[in-house]
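Notes follow once the structure below has been shown.
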Amino acid sequence: MRIAVCAPQVPFVRGGAEIVSERLVDELRRRDHEVELVTLPFKWYPGERVLSQAFLWRLLDLEEADGAPIDLVIATKFPSYVVRHPNKIVWLLHQFRQAYELDRTELGQFDESPEGRALRRAVHRLDKVSLGEARKLFATSGNVADRLERSTGLEAEVLPHPPQELPYRCEEYGDFILSVGRIDRAKRVELLIDALGADTSLRCVVAGEGPDRGRLEGLARERGLDGRATFAGRVSKQELADLYARCLAVYYAPVDEDFGMVPYEAFLSEKPVVTTTDAGGPLEVVGDRETGLVCEPTPAAVARACAWLRDHPDETREWGLAGQRAAERLTWDAAIGRLLS
Amino acid sequence: MRVAYYSPLPPERSGIADYSALLLPALAERIDVDVVRRRSRRRRRRADVSLYHVGNDPEAHGWIVEALRRRPGVVVLHDFVLHHLVAGMTLGRADGGGYLDAMQREAGPVGRMLAHGVIDGVVPPLWEDRAADYPLAGEALASATGLIVHSGYVERLVRESGYVGPVWRIPHPAWTPPPDIDPVELPEGRTVIGCYGHLNPAKRVPQLLEAFALLRRRMPETLLLLVGSLSPGMELDPVYHRLGLRAGEDVIGLDYVDEARLWSYLSACEICVNLRYPTMGETSGIVVRALSLGRPLVVSDVGWFAELPDEAVVKVPVGEEEVRGVADALELLVREPELRTRLGDAARAVAQGEHALGRVAEAYVAALEEAAGGNAVRNAFLHEIALAAHETGLAADGHALSDVAARVREVGPGR
């Protein structure tokens with residue numbers, strides 16, 4: 001089958017969504033499909049730019065390429081699913097969250113002017129039309145599916161995506177908590193930094209890049225963490241696997257996250273995950289006292305959870321292994337089987 | 001966002017006044033609502049958008065249409081057929097010319113001639129039995145920057161009439177039944193069938209009475225309750241006499257009752273009937289209350305009523321078989337308590353689902369936000385596309401641009 005996987009790109013920014021799209025392409029190719037990743041840059045500000053940039057996807061003609069038909073389009077996240085195709089499937093990683101649950105929060109985008117409010121509604125309408133015309137809708141987590149149902153009335157099957165390929169292993173339960181992911185406010189790495197401020201015996205490594213890094217490094221200095229927080233920046237796959245292999249546990253507590261691959265990556269490295277009660281998607285994966293700890297989103301609670309894991313190595317190992325068993329059930333064979341069914 | 005809100009309100013006796021009394025508090029929790037009162041001279045705060053509730057009653061809605069003329073805004077079209085309203089606002093104010101113009105706008109020279117006939121008394125008033133042929137909604141639609149309607153039926157009618165502005169279909173909100181409904185005294189051992197609301201010819205009361213007379217021959221323990229004021233000129237006693245029904249025994253008729261008593265009488269029935277023909281495109285607050293209470297309903301298969309879910313109501317077509325159809329539906333429901341329970345449960349679920357007050361209020365806010373800022377968003381969006389087309393030299397009448405226009409129609413902002 002000739003398949004176009006559609007995903008937007010924010011130039012110079014790379015995160016979980018990009019990894020998923022590329023991996024999907026690879027996995028489809030492994031199964032003898034002819035697959036191409038189709039991408040367009042996306043800039044969502046200022047003002048109406050969110051609509052006009054999204055609209056670019058609508059102008060694409062993906063019904064055929066070089067005279068041969070494209071049999072299937074698999075769109076991933078906003079706005080790639082605006083694309084038009086008679087056989088469009090959407091594997092929804094997320095909608096434009098600023099128009100939904102992040103509206104009227106510090107992470108929101110639309111102001112209170114009539115134009116700002118109407119622009120947000122225009123995004124809703126665009127979603128309703130472009131997602132509504134898909135032949136089949138999958139959502140990467142129950143959280144994403146619930147949001148979709150609440151905001152558009154559309155129902156999606158939950159289909160989590162498997163984590164990226166890394167040389168996963170467990171070498172030790174070391175002396176640091178690992179945070180992985182893009183460093184922006186929504187990922188809430190600040191909470192971990194503050195937790196280290198609350199418990200001077202904890203250490204952490206923050207792997208990833210992002211616009212909030214400078215501020216967080218300043219915050220670590222302010223909190224007097226004295227080298228207990230290490231900002232590793234963007235790391236290679238090998239380095240990331242090493243960090244997973246050596247850490248004590250993984251911290252992952254974004255605000256109402258869609259899904260997040262990090263917990264599964266932690267599990268494949270036999271490490272438990274510390275998350276918070278308001279983290280959204282990760283709560284579908286991390287079972288409290290089963291595969292990690294779920295605590296209140298406060299520095300003291302996060303610090304207590306991390307220290308508890310350090311002080312209880314048997315449970316830490318046991319929960320990490322339980323997570324590994326869960327993660328190993330998430331395979332590309334199963335995911336692609338459902339996508340193409 | 002601030003909304004100027006025009007509507008009849010209690011103590012006016014109108015379904016739309018009740019509707020607004022229900023909706024307003026939920027709306028005010030979400031946006032800044034400035035309720036405009038009739039004849040109010042208070043200086044108004046600047047509103048981002050005005051919202052006008054328009055129905056067919058000239059007394060309740062004449063002043064609202066006048067305000068709409070002065071400042072176009074979003075119209076909640078409670079009835080599509082506004083002939084009575086327009087006649088009241090023209091002929092009722094000795095403005096024959098206004099009526100002639102309205103009829104001409106609706107139906108051209110033939111309409112004008114008919115209007116002349118009405119004014120001269122040689123043609124019976126059109127609003128009495130031909131209103132649906134001449135709905136006269138044109139003026140309200142012309143001033144509406146957007147429309148809120150309650151049914152696909154009315155949405156179709158406004159589109160067929162040529163309206164091209166945005167239309168939002170928002171269900172009628174449902175009341176939460178009062179927690180302490182006083183019981184009413186009715187004869188014991190009877191299966192009570194209730195019909196509620198202002199009783200006018202469109203409510204098909206004679207047909208209902210005929211159907212009930214048929215039913216009583218088979219099931220004499222049934223009792224019909226008619227609760228609501230009787231339309232002027234409607235006489236039921238001759239119908240009772242003709243059908244052999246005893247007023248006060250077989251049929252209990254009551255005049256208008258207040259809201260608390262209405263809930264009591266609605267609760268007292270086992271089956272609620274709400275027939276309608278012709279329909280002006282209206283909804284029924286009584287039907288929505290009955291859904292909230294989980295009462296099984298028999299309705300006419302027309303307009304908004306036809307769009308109610310099949311699992312929650314029994315629909316009877318209007319026509320030659322109407323009377324028999326109503327009698328059969330009632331008999332089925334009387335005989336099968338389990339069916340009544342099933343329909344009632346489904347009715348309650350419908351009321352708590354798509355008609356839920358919070359959900360309806362959210363839909364209003366979405367519509368009003370689109371109405372207030374939608375044009376600016378659309379213009380800015382189109383400007384950006386037009387600029388790109390201009391800069392790249394796309395011909396205004398070329399295929400490339402028409403393709404872009406087609407895609408804009410599919411997913412672009414505004415409709």
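Identifiers in this document derive from the order of the structure tokens: chains are assigned A, B, ..., residues are numbered from 1 separately in each chain, and ligands are numbered from 1 in order of occurrence.
Omitting segment 290-305 of chain B and its sequence neighbours fewer than 5 positions away, and counting only C-alpha atoms, the residues within 6 Å are B:Ser151, B:Tyr153, B:Ile271, B:Cys272, B:Val273, B:Asn274, B:Leu275, B:Arg276, B:Gly281, B:Thr283, B:Val313, B:Val314, B:Lys315, B:Val316, B:Pro317, B:Arg340, B:Leu343, B:Gly344, B:Asp345, B:Ala347, B:Arg348, B:Ala351.
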How close does each residue of chain B get to chain A, giving the shortest atom pair and distance in Å to one decimal for every residue with an atom at most 10 Å away, counting only C-alpha atoms, sorted by chain and residue number, as a Markdown table?
| residue | atom | partner | partner_atom | distance |
| --- | --- | --- | --- | --- |
| B:Met1 | CA | A:Pro114 | CA | 6.6 |
| B:Arg2 | CA | A:Pro114 | CA | 9.4 |
| B:Asp48 | CA | A:Pro114 | CA | 7.2 |
| B:Val49 | CA | A:Pro114 | CA | 9.3 |
| B:Val365 | CA | A:Arg117 | CA | 9.9 |
| B:Ala366 | CA | A:Arg121 | CA | 6.7 |
| B:Ala367 | CA | A:Arg121 | CA | 8.6 |
| B:Leu368 | CA | A:Ala118 | CA | 8.7 |
| B:Glu369 | CA | A:Ala118 | CA | 5.2 |
| B:Glu370 | CA | A:Ala118 | CA | 4.6 |
| B:Ala371 | CA | A:Ala118 | CA | 7.6 |
| B:Ala372 | CA | A:Pro114 | CA | 5.6 |
| B:Gly373 | CA | A:Glu115 | CA | 4.3 |
| B:Gly374 | CA | A:Ala118 | CA | 5.2 |
| B:Asn375 | CA | A:Glu115 | CA | 8.4 |
| B:Ala376 | CA | A:Glu115 | CA | 6.3 |
| B:Val377 | CA | A:Leu119 | CA | 6.0 |
| B:Arg378 | CA | A:Glu48 | CA | 8.6 |
| B:Asn379 | CA | A:Glu48 | CA | 9.6 |
| B:Ala380 | CA | A:Glu48 | CA | 6.6 |
| B:Phe381 | CA | A:Glu48 | CA | 6.0 |
| B:Leu382 | CA | A:Ser52 | CA | 8.5 |
| B:His383 | CA | A:Ser52 | CA | 9.9 |
| B:Glu384 | CA | A:Ser52 | CA | 7.3 |
| B:Ile385 | CA | A:Ser52 | CA | 7.3 |
| B:Asp403 | CA | A:Leu59 | CA | 8.2 |
| B:Val404 | CA | A:Leu59 | CA | 6.8 |
| B:Ala406 | CA | A:Leu59 | CA | 9.7 |
| B:Arg407 | CA | A:Arg58 | CA | 6.4 |
| B:Val408 | CA | A:Phe55 | CA | 8.0 |
| B:Glu410 | CA | A:Val129 | CA | 8.0 |
| B:Val411 | CA | A:Leu126 | CA | 5.7 |
| B:Gly412 | CA | A:Leu126 | CA | 7.2 |
| B:Pro413 | CA | A:Ala122 | CA | 5.5 |
| B:Gly414 | CA | A:Ala122 | CA | 7.6 |
Helix (DSSP H, G or I) call set, DSSP backbone run, segment 205-365 of chain B, as a VMD selection string | chain B and resid 205 to 218 237 to 243 259 to 268 285 to 293 303 to 306 322 to 335 337 to 352 357 to 365
Residue list (strand (DSSP E or B), DSSP) for segment 35-248 of chain A, as a PyMOL selection string | chain A and resi 35-41+64-65+68-69+72-75+88-92+136-139+157-158+177-180+204-207+229-233
Would you output that residue set with N, CA and C atoms, as a compact mmCIF listing (two decimals), in the first residue's frame?
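Written output follows (part_23.txt):
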# COMPACT_ATOMS: atom_id res chain seq x y z
N VAL A 35 6.03 4.07 1.86
CA VAL A 35 5.60 5.10 2.83
C VAL A 35 6.45 6.35 2.70
N GLU A 36 5.81 7.49 2.82
CA GLU A 36 6.53 8.76 2.80
C GLU A 36 6.05 9.61 3.96
N LEU A 37 6.98 10.30 4.61
CA LEU A 37 6.58 11.27 5.64
C LEU A 37 6.35 12.61 4.95
N VAL A 38 5.15 13.13 5.09
CA VAL A 38 4.82 14.43 4.49
C VAL A 38 4.72 15.44 5.62
N THR A 39 5.49 16.49 5.50
CA THR A 39 5.49 17.46 6.61
C THR A 39 5.52 18.89 6.09
N LEU A 40 4.97 19.78 6.91
CA LEU A 40 4.97 21.22 6.61
C LEU A 40 5.36 21.94 7.89
N PRO A 41 6.06 23.05 7.77
CA PRO A 41 6.36 23.81 8.99
C PRO A 41 5.09 24.41 9.57
N GLU A 64 -2.83 11.53 -5.25
CA GLU A 64 -1.83 10.74 -5.98
C GLU A 64 -0.52 11.49 -6.02
N ALA A 65 0.54 10.76 -6.36
CA ALA A 65 1.86 11.35 -6.47
C ALA A 65 2.54 10.76 -7.70
N ALA A 68 0.69 8.06 -9.59
CA ALA A 68 0.23 6.84 -8.90
C ALA A 68 -0.57 7.22 -7.66
N PRO A 69 -1.64 6.49 -7.41
CA PRO A 69 -2.50 6.89 -6.29
C PRO A 69 -1.82 6.68 -4.93
N LEU A 72 -3.60 5.68 1.20
CA LEU A 72 -3.99 5.99 2.58
C LEU A 72 -3.17 7.15 3.11
N VAL A 73 -3.84 8.00 3.87
CA VAL A 73 -3.14 9.07 4.57
C VAL A 73 -3.33 8.83 6.06
N ILE A 74 -2.23 8.85 6.81
CA ILE A 74 -2.33 8.76 8.27
C ILE A 74 -1.84 10.09 8.83
N ALA A 75 -2.76 10.87 9.38
CA ALA A 75 -2.39 12.17 9.95
C ALA A 75 -2.21 12.00 11.45
N LYS A 88 -8.63 8.91 4.76
CA LYS A 88 -7.82 9.57 5.79
C LYS A 88 -8.07 8.90 7.14
N ILE A 89 -6.97 8.49 7.76
CA ILE A 89 -7.04 7.99 9.13
C ILE A 89 -6.29 8.98 10.00
N VAL A 90 -6.79 9.22 11.18
CA VAL A 90 -6.07 10.11 12.09
C VAL A 90 -5.65 9.32 13.32
N TRP A 91 -4.36 9.34 13.60
CA TRP A 91 -3.86 8.79 14.86
C TRP A 91 -3.48 10.01 15.68
N LEU A 92 -4.41 10.45 16.49
CA LEU A 92 -4.32 11.78 17.10
C LEU A 92 -3.35 11.79 18.28
N LYS A 136 -11.36 6.92 10.04
CA LYS A 136 -11.23 6.30 11.35
C LYS A 136 -10.38 7.20 12.23
N LEU A 137 -10.75 7.26 13.51
CA LEU A 137 -10.02 8.11 14.44
C LEU A 137 -9.42 7.25 15.55
N PHE A 138 -8.13 7.40 15.76
CA PHE A 138 -7.46 6.77 16.90
C PHE A 138 -6.88 7.90 17.75
N ALA A 139 -6.84 7.68 19.05
CA ALA A 139 -6.20 8.65 19.94
C ALA A 139 -5.11 7.93 20.71
N GLU A 157 -10.87 5.59 18.94
CA GLU A 157 -10.35 4.39 19.62
C GLU A 157 -9.01 4.74 20.25
N VAL A 158 -8.79 4.26 21.46
CA VAL A 158 -7.51 4.53 22.11
C VAL A 158 -6.46 3.56 21.56
N ILE A 177 17.48 11.11 39.96
CA ILE A 177 16.17 11.03 39.30
C ILE A 177 16.35 11.62 37.90
N LEU A 178 15.79 10.96 36.93
CA LEU A 178 15.96 11.43 35.54
C LEU A 178 14.68 12.10 35.04
N SER A 179 14.86 13.26 34.41
CA SER A 179 13.75 13.92 33.72
C SER A 179 14.10 13.97 32.24
N VAL A 180 13.17 13.51 31.40
CA VAL A 180 13.44 13.47 29.96
C VAL A 180 12.34 14.22 29.23
N CYS A 204 19.28 15.15 40.48
CA CYS A 204 18.54 14.87 39.24
C CYS A 204 19.38 15.19 38.02
N VAL A 205 19.01 14.55 36.91
CA VAL A 205 19.57 14.89 35.60
C VAL A 205 18.40 15.24 34.70
N VAL A 206 18.50 16.39 34.06
CA VAL A 206 17.43 16.84 33.16
C VAL A 206 17.96 16.71 31.74
N ALA A 207 17.39 15.78 30.99
CA ALA A 207 17.84 15.58 29.60
C ALA A 207 16.82 16.20 28.66
N ALA A 229 21.47 19.35 40.48
CA ALA A 229 20.66 19.27 39.25
C ALA A 229 21.58 19.46 38.06
N THR A 230 21.62 18.47 37.18
CA THR A 230 22.48 18.55 36.01
C THR A 230 21.61 18.70 34.77
N PHE A 231 21.87 19.72 33.97
CA PHE A 231 21.14 19.90 32.71
C PHE A 231 22.01 19.33 31.59
N ALA A 232 21.59 18.20 31.09
CA ALA A 232 22.42 17.49 30.12
C ALA A 232 22.19 17.97 28.70
N GLY A 233 21.15 18.77 28.47
CA GLY A 233 20.84 19.24 27.12
C GLY A 233 20.33 18.11 26.25
Write out as a compact mmCIF listing (two decimals) with N, CA and C atoms, in the first residue's frame each polymer residue whose atoms come within 8 Å of segment 126-128 of chain B, counting only C-alpha atoms; drop sequence neighbours fewer than 5 positions from it.
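Result file result.txt:
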# COMPACT_ATOMS: atom_id res chain seq x y z
N HIS B 83 -45.73 35.13 10.62
CA HIS B 83 -46.79 35.91 9.97
C HIS B 83 -47.62 36.68 11.01
N HIS B 84 -47.92 36.02 12.08
CA HIS B 84 -48.73 36.65 13.11
C HIS B 84 -48.00 37.84 13.71
N ALA B 87 -47.99 40.63 11.06
CA ALA B 87 -49.33 41.22 10.94
C ALA B 87 -49.62 42.11 12.14
N VAL B 118 -56.73 40.90 2.12
CA VAL B 118 -56.90 40.77 3.58
C VAL B 118 -57.33 42.11 4.16
N TYR B 134 -46.99 31.63 3.97
CA TYR B 134 -46.36 32.97 3.91
C TYR B 134 -45.72 33.26 5.26
With only C-alpha atoms as the basis for distance, which of B:Ala405, B:Arg289, B:Leu209, B:Ala260 is at the shortest distance from Arg242 of chain B?
->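 Closest candidate: B:Leu209.
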